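**Student:** Dropping in work.txt, which is compact mmCIF, C-alpha atoms:
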```txt
# COMPACT_ATOMS: atom_id res chain seq x y z
CA MET A 10 0.00 0.00 0.00
CA SER A 11 1.43 3.38 -1.01
CA LEU A 12 2.06 6.18 1.46
CA VAL A 13 -0.64 8.30 -0.19
CA THR A 14 -3.18 5.51 0.17
CA ARG A 15 -2.30 4.97 3.83
CA LYS A 16 -2.62 8.68 4.60
CA PHE A 17 -5.98 8.83 2.83
CA LEU A 18 -7.35 5.86 4.78
CA VAL A 19 -6.12 7.32 8.08
CA ILE A 20 -7.89 10.62 7.36
CA ILE A 21 -11.13 8.86 6.39
CA THR A 22 -10.97 6.66 9.50
CA LEU A 23 -10.55 9.69 11.77
CA CYS A 24 -13.42 11.52 10.10
CA TRP A 25 -15.63 8.43 10.19
CA SER A 26 -15.06 7.89 13.89
CA GLY A 27 -16.85 11.17 14.54
CA ILE A 28 -19.65 10.45 12.09
CA ALA A 29 -20.18 6.92 13.38
CA ALA A 30 -21.03 8.20 16.83
CA ALA A 31 -23.96 10.09 15.32
CA LEU A 32 -25.28 7.21 13.19
CA PRO A 33 -28.86 6.14 13.91
CA GLN A 34 -29.25 3.31 16.40
CA ILE A 35 -31.75 0.77 15.11
CA GLU A 36 -34.19 -0.95 17.47
CA HIS A 37 -36.13 -3.97 16.29
CA TRP A 38 -39.14 -5.98 17.56
CA GLN A 39 -42.42 -7.55 16.45
CA THR A 40 -46.01 -6.50 16.94
CA GLY A 41 -48.48 -8.83 18.61
CA ASN A 42 -49.75 -10.09 15.24
CA GLY A 43 -46.30 -10.70 13.76
CA ALA A 44 -45.28 -7.55 11.85
CA ARG A 45 -41.60 -6.67 12.08
CA VAL A 46 -40.84 -3.18 13.40
CA TYR A 47 -37.64 -1.15 12.90
CA PHE A 48 -37.30 2.10 14.83
CA VAL A 49 -34.77 4.94 14.92
CA ALA A 50 -35.22 7.79 17.39
CA ALA A 51 -34.50 11.20 15.83
CA HIS A 52 -35.24 14.05 18.18
CA GLU A 53 -34.02 17.00 16.10
CA LEU A 54 -37.51 17.83 14.78
CA PRO A 55 -40.97 17.12 16.25
CA MET A 56 -41.88 14.87 13.31
CA VAL A 57 -42.15 11.19 12.54
CA ASP A 58 -41.91 9.21 9.30
CA VAL A 59 -43.72 5.87 9.10
CA GLN A 60 -43.41 3.38 6.25
CA VAL A 61 -45.23 0.06 6.01
CA VAL A 62 -43.59 -2.23 3.46
CA PHE A 63 -45.13 -5.42 2.10
CA ASP A 64 -43.67 -8.19 -0.04
CA ALA A 65 -46.35 -7.31 -2.59
CA GLY A 66 -44.56 -5.82 -5.60
CA SER A 67 -45.18 -6.56 -9.25
CA ALA A 68 -43.12 -9.76 -8.99
CA ARG A 69 -46.15 -11.13 -7.09
CA ASP A 70 -48.66 -10.12 -9.78
CA ALA A 71 -51.05 -12.79 -10.99
CA VAL A 72 -52.01 -10.32 -13.73
CA PRO A 73 -49.31 -7.76 -14.68
CA GLY A 74 -50.20 -4.36 -13.30
CA THR A 75 -52.09 -5.63 -10.23
CA ALA A 76 -49.62 -4.43 -7.57
CA SER A 77 -49.31 -0.97 -9.10
CA LEU A 78 -53.06 -0.47 -9.36
CA THR A 79 -53.65 -1.87 -5.86
CA ALA A 80 -51.21 0.65 -4.39
CA ARG A 81 -52.88 3.50 -6.27
CA LEU A 82 -56.36 2.46 -5.09
CA LEU A 83 -55.55 2.12 -1.37
CA PRO A 84 -56.16 5.82 -0.55
CA GLU A 85 -59.25 6.03 -2.77
CA GLY A 86 -61.56 4.78 -0.05
CA ALA A 87 -61.39 3.07 3.34
CA GLY A 88 -64.09 2.17 5.84
CA ASP A 89 -66.81 4.78 5.45
CA LEU A 90 -64.39 7.40 4.06
CA ASN A 91 -64.04 8.27 0.39
CA ALA A 92 -60.85 9.60 -1.23
CA ASN A 93 -61.70 13.24 -0.52
CA ALA A 94 -62.42 12.56 3.14
CA ILE A 95 -59.13 10.68 3.54
CA ALA A 96 -57.15 13.46 1.87
CA GLU A 97 -58.94 16.14 3.91
CA ARG A 98 -58.18 14.32 7.16
CA PHE A 99 -54.46 14.19 6.41
CA ASP A 100 -54.44 17.83 5.25
CA ALA A 101 -56.26 19.03 8.36
CA LEU A 102 -53.64 17.30 10.52
CA GLY A 103 -50.69 18.68 8.57
CA ALA A 104 -49.78 15.13 7.57
CA SER A 105 -48.92 13.62 4.20
CA SER A 106 -49.35 10.06 2.97
CA GLY A 107 -48.49 8.10 -0.15
CA SER A 108 -48.45 4.60 -1.60
CA SER A 109 -46.45 2.93 -4.36
CA ALA A 110 -45.33 -0.42 -5.73
CA GLY A 111 -42.09 -1.56 -7.37
CA ARG A 112 -40.91 -4.96 -8.54
CA ASP A 113 -39.98 -6.29 -5.10
CA ASN A 114 -42.38 -4.56 -2.72
CA ALA A 115 -45.24 -2.18 -2.12
CA SER A 116 -45.27 0.51 0.55
CA VAL A 117 -47.53 3.02 2.26
CA SER A 118 -46.03 6.04 4.02
CA LEU A 119 -47.01 8.75 6.48
CA ARG A 120 -45.26 11.90 7.66
CA SER A 121 -46.75 13.70 10.65
CA LEU A 122 -45.96 16.03 13.50
CA THR A 123 -45.56 14.19 16.80
CA ASP A 124 -48.06 16.30 18.73
CA PRO A 125 -50.44 13.56 19.98
CA ALA A 126 -53.47 15.59 18.98
CA LEU A 127 -52.23 15.47 15.37
CA LEU A 128 -50.30 12.20 15.26
CA GLN A 129 -52.91 9.85 16.70
CA PRO A 130 -55.73 10.65 14.24
CA ALA A 131 -53.21 10.57 11.37
CA LEU A 132 -52.08 7.08 12.45
CA GLU A 133 -55.68 5.91 12.80
CA THR A 134 -56.46 7.15 9.29
CA LEU A 135 -53.41 5.33 7.92
CA ALA A 136 -54.46 2.19 9.79
CA LEU A 137 -57.93 2.40 8.25
CA VAL A 138 -56.43 2.72 4.75
CA LEU A 139 -54.34 -0.40 5.37
CA ARG A 140 -57.01 -2.39 7.19
CA ALA A 141 -60.22 -1.61 5.32
CA PRO A 142 -59.66 -0.26 1.78
CA THR A 143 -62.85 -0.35 -0.29
CA PHE A 144 -61.38 -0.17 -3.81
CA PRO A 145 -64.38 1.81 -5.11
CA ALA A 146 -65.57 0.66 -8.53
CA ALA A 147 -65.56 4.18 -9.98
CA ALA A 148 -62.03 4.83 -8.73
CA PHE A 149 -60.90 1.47 -10.11
CA GLU A 150 -62.14 2.38 -13.58
CA ARG A 151 -60.59 5.84 -13.40
CA GLU A 152 -57.18 4.61 -12.26
CA ARG A 153 -57.17 1.76 -14.75
CA ASN A 154 -57.87 4.25 -17.54
CA ARG A 155 -55.03 6.45 -16.28
CA ALA A 156 -52.72 3.45 -16.36
CA LEU A 157 -53.76 2.72 -19.94
CA VAL A 158 -53.06 6.35 -20.90
CA ALA A 159 -49.62 6.08 -19.30
CA LEU A 160 -48.94 2.85 -21.19
CA ARG A 161 -49.93 4.47 -24.48
CA ALA A 162 -47.58 7.36 -23.71
CA GLN A 163 -44.75 4.87 -23.11
CA GLU A 164 -45.22 3.59 -26.66
CA GLN A 165 -44.03 7.01 -27.85
CA ASN A 166 -41.10 7.14 -25.43
CA PRO A 167 -37.96 5.36 -26.68
CA GLY A 168 -36.46 5.31 -23.19
CA ALA A 169 -39.51 3.52 -21.76
CA LEU A 170 -39.54 1.11 -24.70
CA ALA A 171 -35.87 0.32 -24.13
CA ASP A 172 -36.39 -0.30 -20.43
CA ARG A 173 -39.32 -2.63 -21.05
CA ALA A 174 -37.50 -4.58 -23.78
CA PHE A 175 -34.37 -4.79 -21.62
CA TYR A 176 -36.16 -6.42 -18.68
CA GLN A 177 -37.99 -8.80 -20.98
CA ALA A 178 -34.72 -9.83 -22.63
CA LEU A 179 -32.95 -10.24 -19.28
CA TYR A 180 -35.63 -12.10 -17.37
CA GLY A 181 -37.68 -14.06 -19.91
CA GLN A 182 -40.36 -15.95 -17.95
CA HIS A 183 -39.21 -14.72 -14.53
CA PRO A 184 -41.62 -12.36 -12.67
CA TYR A 185 -39.04 -9.54 -12.94
CA ALA A 186 -39.67 -9.45 -16.70
CA GLN A 187 -43.11 -7.93 -16.08
CA ALA A 188 -43.30 -4.16 -16.28
CA THR A 189 -44.52 -2.76 -12.96
CA LEU A 190 -47.30 -0.87 -14.70
CA GLY A 191 -48.27 -3.98 -16.69
CA THR A 192 -49.23 -3.98 -20.36
CA ALA A 193 -52.21 -2.52 -22.19
CA GLN A 194 -53.58 -6.04 -22.61
CA SER A 195 -53.11 -7.07 -18.98
CA VAL A 196 -54.45 -3.82 -17.51
CA THR A 197 -57.49 -3.97 -19.78
CA ALA A 198 -58.13 -7.49 -18.50
CA LEU A 199 -57.79 -6.53 -14.82
CA LYS A 200 -60.88 -6.76 -12.64
CA ARG A 201 -61.55 -5.13 -9.29
CA ALA A 202 -61.65 -8.65 -7.85
CA ASP A 203 -58.00 -9.14 -8.86
CA LEU A 204 -56.99 -6.20 -6.66
CA LEU A 205 -59.02 -7.51 -3.74
CA THR A 206 -57.38 -10.93 -4.06
CA HIS A 207 -53.91 -9.38 -4.20
CA TYR A 208 -54.65 -7.16 -1.21
CA ARG A 209 -56.07 -9.99 0.94
CA HIS A 210 -53.19 -12.29 0.13
CA TYR A 211 -50.27 -9.92 0.68
CA PHE A 212 -51.36 -7.03 2.94
CA THR A 213 -51.08 -9.03 6.14
CA ALA A 214 -49.16 -8.53 9.37
CA ARG A 215 -46.59 -11.31 8.95
CA ASN A 216 -45.86 -9.96 5.46
CA ALA A 217 -45.43 -6.40 6.78
CA ILE A 218 -42.43 -4.36 7.89
CA VAL A 219 -43.09 -1.17 9.85
CA VAL A 220 -40.37 1.48 9.72
CA ILE A 221 -40.55 4.38 12.19
CA VAL A 222 -38.10 7.30 12.29
CA GLY A 223 -38.74 10.36 14.37
CA ASP A 224 -39.10 12.21 17.65
CA LEU A 225 -40.45 9.34 19.74
CA GLN A 226 -39.39 7.14 22.62
CA ARG A 227 -39.39 3.37 22.24
CA ASP A 228 -42.72 2.81 24.01
CA ALA A 229 -44.38 5.49 21.87
CA ALA A 230 -42.95 3.90 18.72
CA ALA A 231 -44.34 0.53 19.81
CA ALA A 232 -47.76 2.14 20.21
CA VAL A 233 -47.45 3.67 16.72
CA ALA A 234 -46.74 0.26 15.20
CA GLU A 235 -49.65 -1.38 17.00
CA THR A 236 -52.00 1.40 15.93
CA VAL A 237 -50.98 1.16 12.28
CA VAL A 238 -50.86 -2.62 11.72
CA GLY A 239 -52.13 -4.17 14.96
CA ARG A 240 -55.52 -5.02 13.49
CA LEU A 241 -54.28 -6.52 10.21
CA PRO A 242 -54.88 -10.27 9.84
CA GLY A 243 -51.81 -12.35 10.66
CA GLY A 244 -51.48 -14.01 7.27
CA SER A 245 -48.21 -15.58 6.18
CA VAL A 246 -44.94 -14.79 4.43
CA PRO A 247 -45.10 -15.60 0.70
CA PRO A 248 -42.67 -18.17 -0.72
CA PRO A 249 -39.35 -16.93 -2.10
CA LEU A 250 -39.28 -15.72 -5.67
CA PRO A 251 -37.72 -18.16 -8.15
CA ALA A 252 -34.03 -17.82 -8.88
CA VAL A 253 -33.06 -15.88 -12.00
CA ALA A 254 -31.61 -17.93 -14.84
CA PRO A 255 -28.25 -16.67 -16.18
CA ALA A 256 -28.51 -14.50 -19.27
CA THR A 257 -27.53 -16.11 -22.54
CA GLY A 258 -26.63 -12.96 -24.45
CA GLY A 259 -28.37 -11.80 -27.58
CA LYS A 260 -29.54 -8.59 -29.19
CA ALA A 261 -32.92 -6.98 -29.69
CA HIS A 262 -33.84 -3.88 -31.69
CA VAL A 263 -37.09 -1.93 -31.36
CA ALA A 264 -37.80 0.35 -34.30
CA HIS A 265 -38.85 3.85 -33.30
CA PRO A 266 -38.99 7.04 -35.42
CA SER A 267 -36.53 8.97 -33.28
CA SER A 268 -33.37 10.88 -34.17
CA GLN A 269 -31.46 9.14 -31.40
CA THR A 270 -30.91 5.53 -30.42
CA HIS A 271 -31.22 4.33 -26.84
CA ILE A 272 -28.77 1.54 -26.02
CA LEU A 273 -28.95 -0.70 -22.95
CA VAL A 274 -26.46 -3.49 -22.27
CA GLY A 275 -26.40 -5.80 -19.26
CA GLN A 276 -27.24 -9.03 -17.48
CA PRO A 277 -28.74 -10.19 -14.15
CA VAL A 278 -26.00 -10.19 -11.51
CA LEU A 279 -26.65 -9.06 -7.97
CA ARG A 280 -28.92 -9.85 -5.03
CA ARG A 281 -29.13 -7.68 -1.92
CA GLY A 282 -26.69 -8.97 0.68
CA ASP A 283 -24.41 -10.52 -1.95
CA PRO A 284 -20.81 -10.83 -0.64
CA ASP A 285 -19.53 -9.20 -3.84
CA TYR A 286 -21.76 -6.15 -3.39
CA PHE A 287 -19.16 -3.68 -2.12
CA ALA A 288 -16.48 -4.71 -4.63
CA LEU A 289 -18.96 -4.29 -7.49
CA TYR A 290 -20.43 -1.09 -6.04
CA VAL A 291 -17.08 0.64 -5.60
CA GLY A 292 -15.81 -0.77 -8.89
CA ASN A 293 -18.84 0.48 -10.77
CA HIS A 294 -18.40 3.95 -9.30
CA ILE A 295 -15.19 4.05 -11.33
CA LEU A 296 -16.59 2.33 -14.41
CA GLY A 297 -19.79 4.30 -14.94
CA GLY A 298 -21.45 5.29 -11.70
CA SER A 299 -19.71 8.57 -10.91
CA GLY A 300 -21.09 10.77 -13.66
CA LEU A 301 -18.80 12.71 -15.96
CA VAL A 302 -15.58 11.46 -14.34
CA SER A 303 -16.30 7.76 -14.88
CA ARG A 304 -14.44 5.69 -17.46
CA ILE A 305 -17.53 5.14 -19.60
CA SER A 306 -18.37 8.84 -19.67
CA ASP A 307 -14.75 9.71 -20.46
CA GLU A 308 -14.60 7.28 -23.39
CA VAL A 309 -18.07 7.94 -24.82
CA ARG A 310 -18.54 11.65 -24.12
CA GLU A 311 -15.22 13.36 -23.50
CA LYS A 312 -13.00 11.57 -26.01
CA ARG A 313 -15.50 10.94 -28.80
CA GLY A 314 -18.49 13.24 -28.23
CA LEU A 315 -20.91 10.39 -28.93
CA ALA A 316 -23.41 11.22 -26.20
CA TYR A 317 -24.20 13.74 -23.49
CA SER A 318 -24.29 11.05 -20.84
CA ALA A 319 -23.30 7.41 -20.54
CA TYR A 320 -23.48 5.35 -17.37
CA SER A 321 -23.52 1.97 -15.67
CA TYR A 322 -25.01 0.68 -12.43
CA PHE A 323 -25.94 -2.42 -10.44
CA MET A 324 -29.47 -2.71 -9.08
CA PRO A 325 -29.53 -5.46 -6.43
CA MET A 326 -32.95 -6.95 -5.71
CA ARG A 327 -34.47 -9.95 -3.87
CA GLN A 328 -33.22 -12.15 -6.70
CA ALA A 329 -30.46 -11.22 -9.14
CA GLY A 330 -30.98 -7.62 -10.23
CA PRO A 331 -29.45 -6.16 -13.37
CA PHE A 332 -26.06 -4.79 -14.19
CA GLN A 333 -26.86 -2.13 -16.77
CA MET A 334 -24.85 0.12 -19.05
CA GLY A 335 -26.65 2.78 -21.05
CA VAL A 336 -26.11 5.50 -23.62
CA GLN A 337 -28.30 7.66 -25.84
CA THR A 338 -26.70 8.73 -29.10
CA LYS A 339 -27.44 9.80 -32.69
CA ASN A 340 -28.74 6.98 -34.88
CA GLU A 341 -25.67 7.11 -37.10
CA SER A 342 -23.39 6.83 -34.03
CA ALA A 343 -25.15 3.87 -32.42
CA THR A 344 -22.76 1.17 -33.67
CA GLU A 345 -19.68 3.09 -32.58
CA ALA A 346 -21.16 4.00 -29.19
CA LEU A 347 -22.05 0.37 -28.52
CA GLN A 348 -18.56 -0.77 -29.48
CA VAL A 349 -16.97 1.81 -27.17
CA LEU A 350 -19.29 0.83 -24.33
CA ARG A 351 -18.40 -2.84 -24.56
CA ALA A 352 -14.69 -2.23 -25.14
CA THR A 353 -14.52 -0.01 -22.06
CA LEU A 354 -16.13 -2.71 -19.94
CA GLU A 355 -13.86 -5.46 -21.26
CA ARG A 356 -10.74 -3.39 -20.67
CA TYR A 357 -11.87 -2.60 -17.15
CA ARG A 358 -12.57 -6.27 -16.43
CA ALA A 359 -9.10 -7.18 -17.60
CA GLU A 360 -7.17 -4.42 -15.84
CA GLY A 361 -9.24 -3.33 -12.87
CA PRO A 362 -8.99 0.22 -11.48
CA THR A 363 -5.81 2.18 -10.96
CA THR A 364 -4.69 3.18 -7.46
CA GLU A 365 -5.62 6.78 -8.18
CA GLU A 366 -9.10 5.83 -9.40
CA LEU A 367 -9.73 3.69 -6.34
CA ILE A 368 -8.64 6.42 -3.91
CA ALA A 369 -10.83 8.98 -5.68
CA ALA A 370 -13.84 6.63 -5.71
CA LYS A 371 -13.57 5.84 -2.00
CA LYS A 372 -13.16 9.50 -1.16
CA ASN A 373 -16.23 10.41 -3.20
CA ILE A 374 -18.41 7.63 -1.78
CA THR A 375 -17.41 8.06 1.85
CA GLY A 376 -17.46 11.84 1.66
CA GLY A 377 -21.00 11.87 0.32
CA PHE A 378 -22.39 9.14 2.55
CA PRO A 379 -23.31 11.38 5.53
CA LEU A 380 -25.45 13.49 3.17
CA ASN A 381 -27.41 10.37 2.26
CA ILE A 382 -28.64 9.94 5.84
CA ASP A 383 -29.11 13.55 6.89
CA SER A 384 -32.92 13.53 7.02
CA ASN A 385 -35.57 11.33 8.61
CA SER A 386 -36.92 10.31 5.22
CA ASP A 387 -33.42 9.28 4.06
CA ILE A 388 -32.94 7.18 7.19
CA ALA A 389 -36.39 5.65 6.74
CA GLY A 390 -35.51 4.67 3.19
CA TYR A 391 -32.31 2.95 4.30
CA LEU A 392 -34.12 1.32 7.20
CA ALA A 393 -36.79 -0.07 4.87
CA MET A 394 -34.06 -1.49 2.64
CA ILE A 395 -32.22 -3.07 5.59
CA ALA A 396 -35.43 -4.60 6.91
CA PHE A 397 -36.92 -5.82 3.65
CA TYR A 398 -33.73 -7.43 2.40
CA ASP A 399 -32.71 -8.83 5.80
CA LEU A 400 -29.42 -6.93 5.89
CA PRO A 401 -27.45 -6.71 9.15
CA LEU A 402 -28.71 -4.06 11.57
CA ASP A 403 -25.19 -2.58 11.64
CA TYR A 404 -25.23 -2.07 7.85
CA LEU A 405 -24.99 1.71 8.12
CA ASP A 406 -22.35 1.52 10.87
CA ARG A 407 -20.13 -0.69 8.73
CA PHE A 408 -20.78 0.97 5.36
CA ILE A 409 -17.67 3.17 5.33
CA ASP A 410 -15.44 0.35 6.58
CA GLN A 411 -16.80 -1.97 3.90
CA VAL A 412 -16.10 0.61 1.20
CA ASN A 413 -12.58 1.32 2.47
CA ALA A 414 -11.78 -2.39 2.67
CA VAL A 415 -12.30 -2.93 -1.07
CA SER A 416 -9.07 -3.50 -3.00
CA ALA A 417 -8.35 -3.11 -6.70
CA GLU A 418 -7.78 -6.85 -6.97
CA GLN A 419 -11.17 -7.58 -5.37
CA ILE A 420 -12.84 -5.30 -7.91
CA ARG A 421 -11.09 -6.94 -10.85
CA ASP A 422 -11.87 -10.41 -9.53
CA ALA A 423 -15.54 -9.61 -8.88
CA PHE A 424 -16.07 -8.10 -12.33
CA GLN A 425 -14.36 -11.04 -14.01
CA ARG A 426 -16.49 -13.57 -12.12
CA ARG A 427 -19.84 -11.78 -12.19
CA VAL A 428 -19.96 -9.82 -15.47
CA ASP A 429 -19.59 -12.01 -18.56
CA PRO A 430 -19.25 -10.17 -21.90
CA GLU A 431 -20.48 -13.28 -23.71
CA ARG A 432 -23.75 -13.22 -21.76
CA LEU A 433 -24.50 -9.52 -22.08
CA VAL A 434 -27.91 -8.66 -23.50
CA THR A 435 -28.02 -5.68 -25.87
CA VAL A 436 -31.22 -3.71 -26.53
CA THR A 437 -31.45 -0.78 -28.93
CA VAL A 438 -34.41 1.48 -29.64
CA GLY A 439 -34.28 3.98 -32.49
CA ASN A 440 -34.56 4.66 -36.19
CA GLY A 441 -31.33 2.89 -37.15
CA LYS A 442 -30.57 -0.78 -37.56
```
Could you express the structure from this file as structure tokens?
**Tutor:**
Amino acid sequence: MSLVTRKFLVIITLCWSGIAAALPQIEHWQTGNGARVYFVAAHELPMVDVQVVFDAGSARDAVPGTASLTARLLPEGAGDLNANAIAERFDALGASSGSSAGRDNASVSLRSLTDPALLQPALETLALVLRAPTFPAAAFERERNRALVALRAQEQNPGALADRAFYQALYGQHPYAQATLGTAQSVTALKRADLLTHYRHYFTARNAIVVIVGDLQRDAAAAVAETVVGRLPGGSVPPPLPAVAPATGGKAHVAHPSSQTHILVGQPVLRRGDPDYFALYVGNHILGGSGLVSRISDEVREKRGLAYSAYSYFMPMRQAGPFQMGVQTKNESATEALQVLRATLERYRAEGPTTEELIAAKKNITGGFPLNIDSNSDIAGYLAMIAFYDLPLDYLDRFIDQVNAVSAEQIRDAFQRRVDPERLVTVTVGNGK
């Protein structure tokens, strides 16, 4: 290890020792009906963020688009309240709520002041939305039509077409191949009964994770969790998703009357909690994850002027999530841009990062990390990730150490083992060939 490297690591260690003392301390328990609760006390502001996360994403869809539409319909009616009454209750209490669904999970959130006169009725309203949604028929038709309009708009968006084709090429018959929003055919076929079945099957206590971050003591946080999910049926945890088959390579082109071609290249690689995560994460920061100073951006943009931006990233999920490289370029430059993209990856796999690149990457990652956890909502997001993917409770405490422990040889080894140029899938969308 060079003298410069040693000095850099010493400085980072000293800085981190002060930051680590201020990291959130995670408390964990279960509600009486089996929901898992993760709590961080944050007393700087008289506010609390609550997220309830369910293993109920689009990967669980019986009909593509079910999870997305279910999440959108939750606040449209609950108990004897309609959508306007629910929204007015939250507004009158100075609270905000939202719901969404991705591939792996669905979540419902609440942000409220901790004044009991405001917090308690906000929590009770959230609990009603989770416990007794009515999925009104009129709202179902309206939201389904909105989804169909969004799907039609995607047909005119080359970026959306590329993303959809990329996941289909990567995942084939696996549930991850399904677009979260579904397809025009599947959404048209959806019935209100499909949403009710999805809700009853997955929105249960044992399938729920409650994340609480805010100005509360432990006993108050326990009361919050019981209020929000304590009356949900116990239910059960769904079976694991099937493993993802390795990609077999191949190319797909989607014709689109655009002046530019969207190019996506990648393969399924990484699960959350994978032992190679930090080597691939730090390594990708150098390859294409650090914006204009990454190798891919330097080769594609700075040296050749082929595109405004070019990037790469890993997206770990419950099962193997994608490694993805992307660039948007003029139709006539598509072949050259694709060649440069692949050549840059292959050279990086062979050589690994330089000492200077590795030092700069670690400095950038560790220097920016405190900013990623400087708000309650940021902490809640990390906490939801830790809980849902069963990561160690000291994940945030060890993050900087894990980054600093990565060596150039570990990066080269991980990329050579996990990213196979022969298995890369290539998807292009544009007016060229």
**Student:** Restricting the calculation to all atoms listed in the file: of A:Gly107, A:Pro251, A:Gly330, A:Pro325, which residue gets closest to Val61 of chain A?
**Tutor:**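 Among the listed residues, the smallest separation from Val61 of chain A belongs to A:Gly107.
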**Student:** Report the distance between atom CA of Leu204 of chain A and atom CA of Ala136 of chain A in Å, rounded to one decimal place.
**Tutor:** 18.6 Å
**Student:** A:Arg45, A:Arg421, A:Arg81, A:Arg151: which is nearest Arg215 of chain A, counting all atoms listed in the file?
**Tutor:**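 The shortest atom-to-atom distance to Arg215 of chain A comes from A:Arg45.
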**Student:** Looking at A:Gly297, A:Gly74, A:Tyr322, A:Ala141, which one is nearest to Lys200 of chain A, with distances taken over all atoms listed in the file?
**Tutor:**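 Answer, going by the shortest atom-to-atom distance: A:Gly74.
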**Student:** I'd like to know which of A:Tyr398, A:Phe149, A:Tyr180, A:Tyr185 is closest to Leu82 of chain A, using all atoms listed in the file.
**Tutor:**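 Among A:Tyr398, A:Phe149, A:Tyr180, A:Tyr185, it is A:Phe149 that comes nearest to Leu82 of chain A.
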**Student:** So that I can see what lies close to Gly244 of chain A, please list as a compact mmCIF listing (two decimals) with C-alpha atoms, in the frame of the given file the residues with an atom at most 9 Å from it, counting only C-alpha atoms and leaving out residues fewer than 5 positions away in the same chain.
**Tutor:**
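Once written, around_1.txt looks like this:
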```txt
# COMPACT_ATOMS: atom_id res chain seq x y z
CA GLY A 43 -46.30 -10.70 13.76
CA ARG A 209 -56.07 -9.99 0.94
CA HIS A 210 -53.19 -12.29 0.13
CA TYR A 211 -50.27 -9.92 0.68
CA PHE A 212 -51.36 -7.03 2.94
CA THR A 213 -51.08 -9.03 6.14
CA ALA A 214 -49.16 -8.53 9.37
CA ARG A 215 -46.59 -11.31 8.95
CA ASN A 216 -45.86 -9.96 5.46
```
**Student:** Between A:Val436, A:Val59, A:Ala101, A:Leu137, which residue has the minimum interatomic distance to Ile272 of chain A, considering all atoms listed in the file?
**Tutor:** A:Val436
**Student:** With only C-alpha atoms as the counted atoms, please give the residues lying no more than 10 Å from Val412 of chain A, apart from itself and same-chain residues fewer than 3 positions off, as a ChimeraX atom specification.
**Tutor:** /A:286-288,290-291,370-372,374-375,407-409,415-416
**Student:** In Å, how far is it from atom CA of Asp64 of chain A to atom CA of Arg281 of chain A?
**Tutor:** 14.7 Å
**Student:** Measuring between all atoms listed in the file, which one of A:Ala71, A:Ile305, A:Ala94, A:Ala104 shows the shortest distance to Ala202 of chain A?
**Tutor:**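 Under the stated criterion, the closest residue is A:Ala71.
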**Student:** Distance atom CA of Ile295 of chain A-atom CA of Leu350 of chain A, one decimal place?
**Tutor:**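 Between atom CA of Ile295 of chain A and atom CA of Leu350 of chain A the gap works out to 14.0 Å.
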**Student:** List as a PyMOL selection string the residues having at least one atom at most 10 Å from position (-48.4, 2.6, 3.1) as given in the file, counting all atoms listed in the file.
**Tutor:** chain A and resi 59-63+80+83-84+106-110+115-119+135-136+138-139+219+237
**Student:** Could you pull out every residue with an atom within 8 Å of (-24.0, 11.0, -27.7), file coordinates, counting only C-alpha atoms, and send them as a PyMOL selection string?
**Tutor:** chain A and resi 309-310+314-318+336-339+342+346
**Student:** Please return segment 155-165 of chain A, rebuilt to N, CA and C atoms, as a tab-separated table (two decimals), in the frame of the given file.
**Tutor:**
```tsv
chain	number	residue	atom	x	y	z
A	155	ARG	N	-56.26	5.66	-16.37
A	155	ARG	CA	-55.03	6.45	-16.28
A	155	ARG	C	-53.81	5.58	-16.58
A	156	ALA	N	-53.83	4.36	-16.08
A	156	ALA	CA	-52.72	3.45	-16.36
A	156	ALA	C	-52.63	3.15	-17.85
A	157	LEU	N	-53.77	2.98	-18.50
A	157	LEU	CA	-53.76	2.72	-19.94
A	157	LEU	C	-53.24	3.93	-20.72
A	158	VAL	N	-53.59	5.13	-20.26
A	158	VAL	CA	-53.06	6.35	-20.90
A	158	VAL	C	-51.55	6.40	-20.73
A	159	ALA	N	-51.06	6.08	-19.55
A	159	ALA	CA	-49.62	6.08	-19.30
A	159	ALA	C	-48.91	5.04	-20.17
A	160	LEU	N	-49.53	3.89	-20.34
A	160	LEU	CA	-48.94	2.85	-21.19
A	160	LEU	C	-48.90	3.28	-22.65
A	161	ARG	N	-49.94	3.96	-23.10
A	161	ARG	CA	-49.93	4.47	-24.48
A	161	ARG	C	-48.83	5.51	-24.65
A	162	ALA	N	-48.64	6.35	-23.63
A	162	ALA	CA	-47.58	7.36	-23.71
A	162	ALA	C	-46.21	6.69	-23.77
A	163	GLN	N	-46.03	5.57	-23.07
A	163	GLN	CA	-44.75	4.87	-23.11
A	163	GLN	C	-44.43	4.36	-24.51
A	164	GLU	N	-45.46	4.06	-25.30
A	164	GLU	CA	-45.22	3.59	-26.66
A	164	GLU	C	-44.55	4.65	-27.52
A	165	GLN	N	-44.66	5.92	-27.12
A	165	GLN	CA	-44.03	7.01	-27.85
A	165	GLN	C	-42.71	7.45	-27.22
```
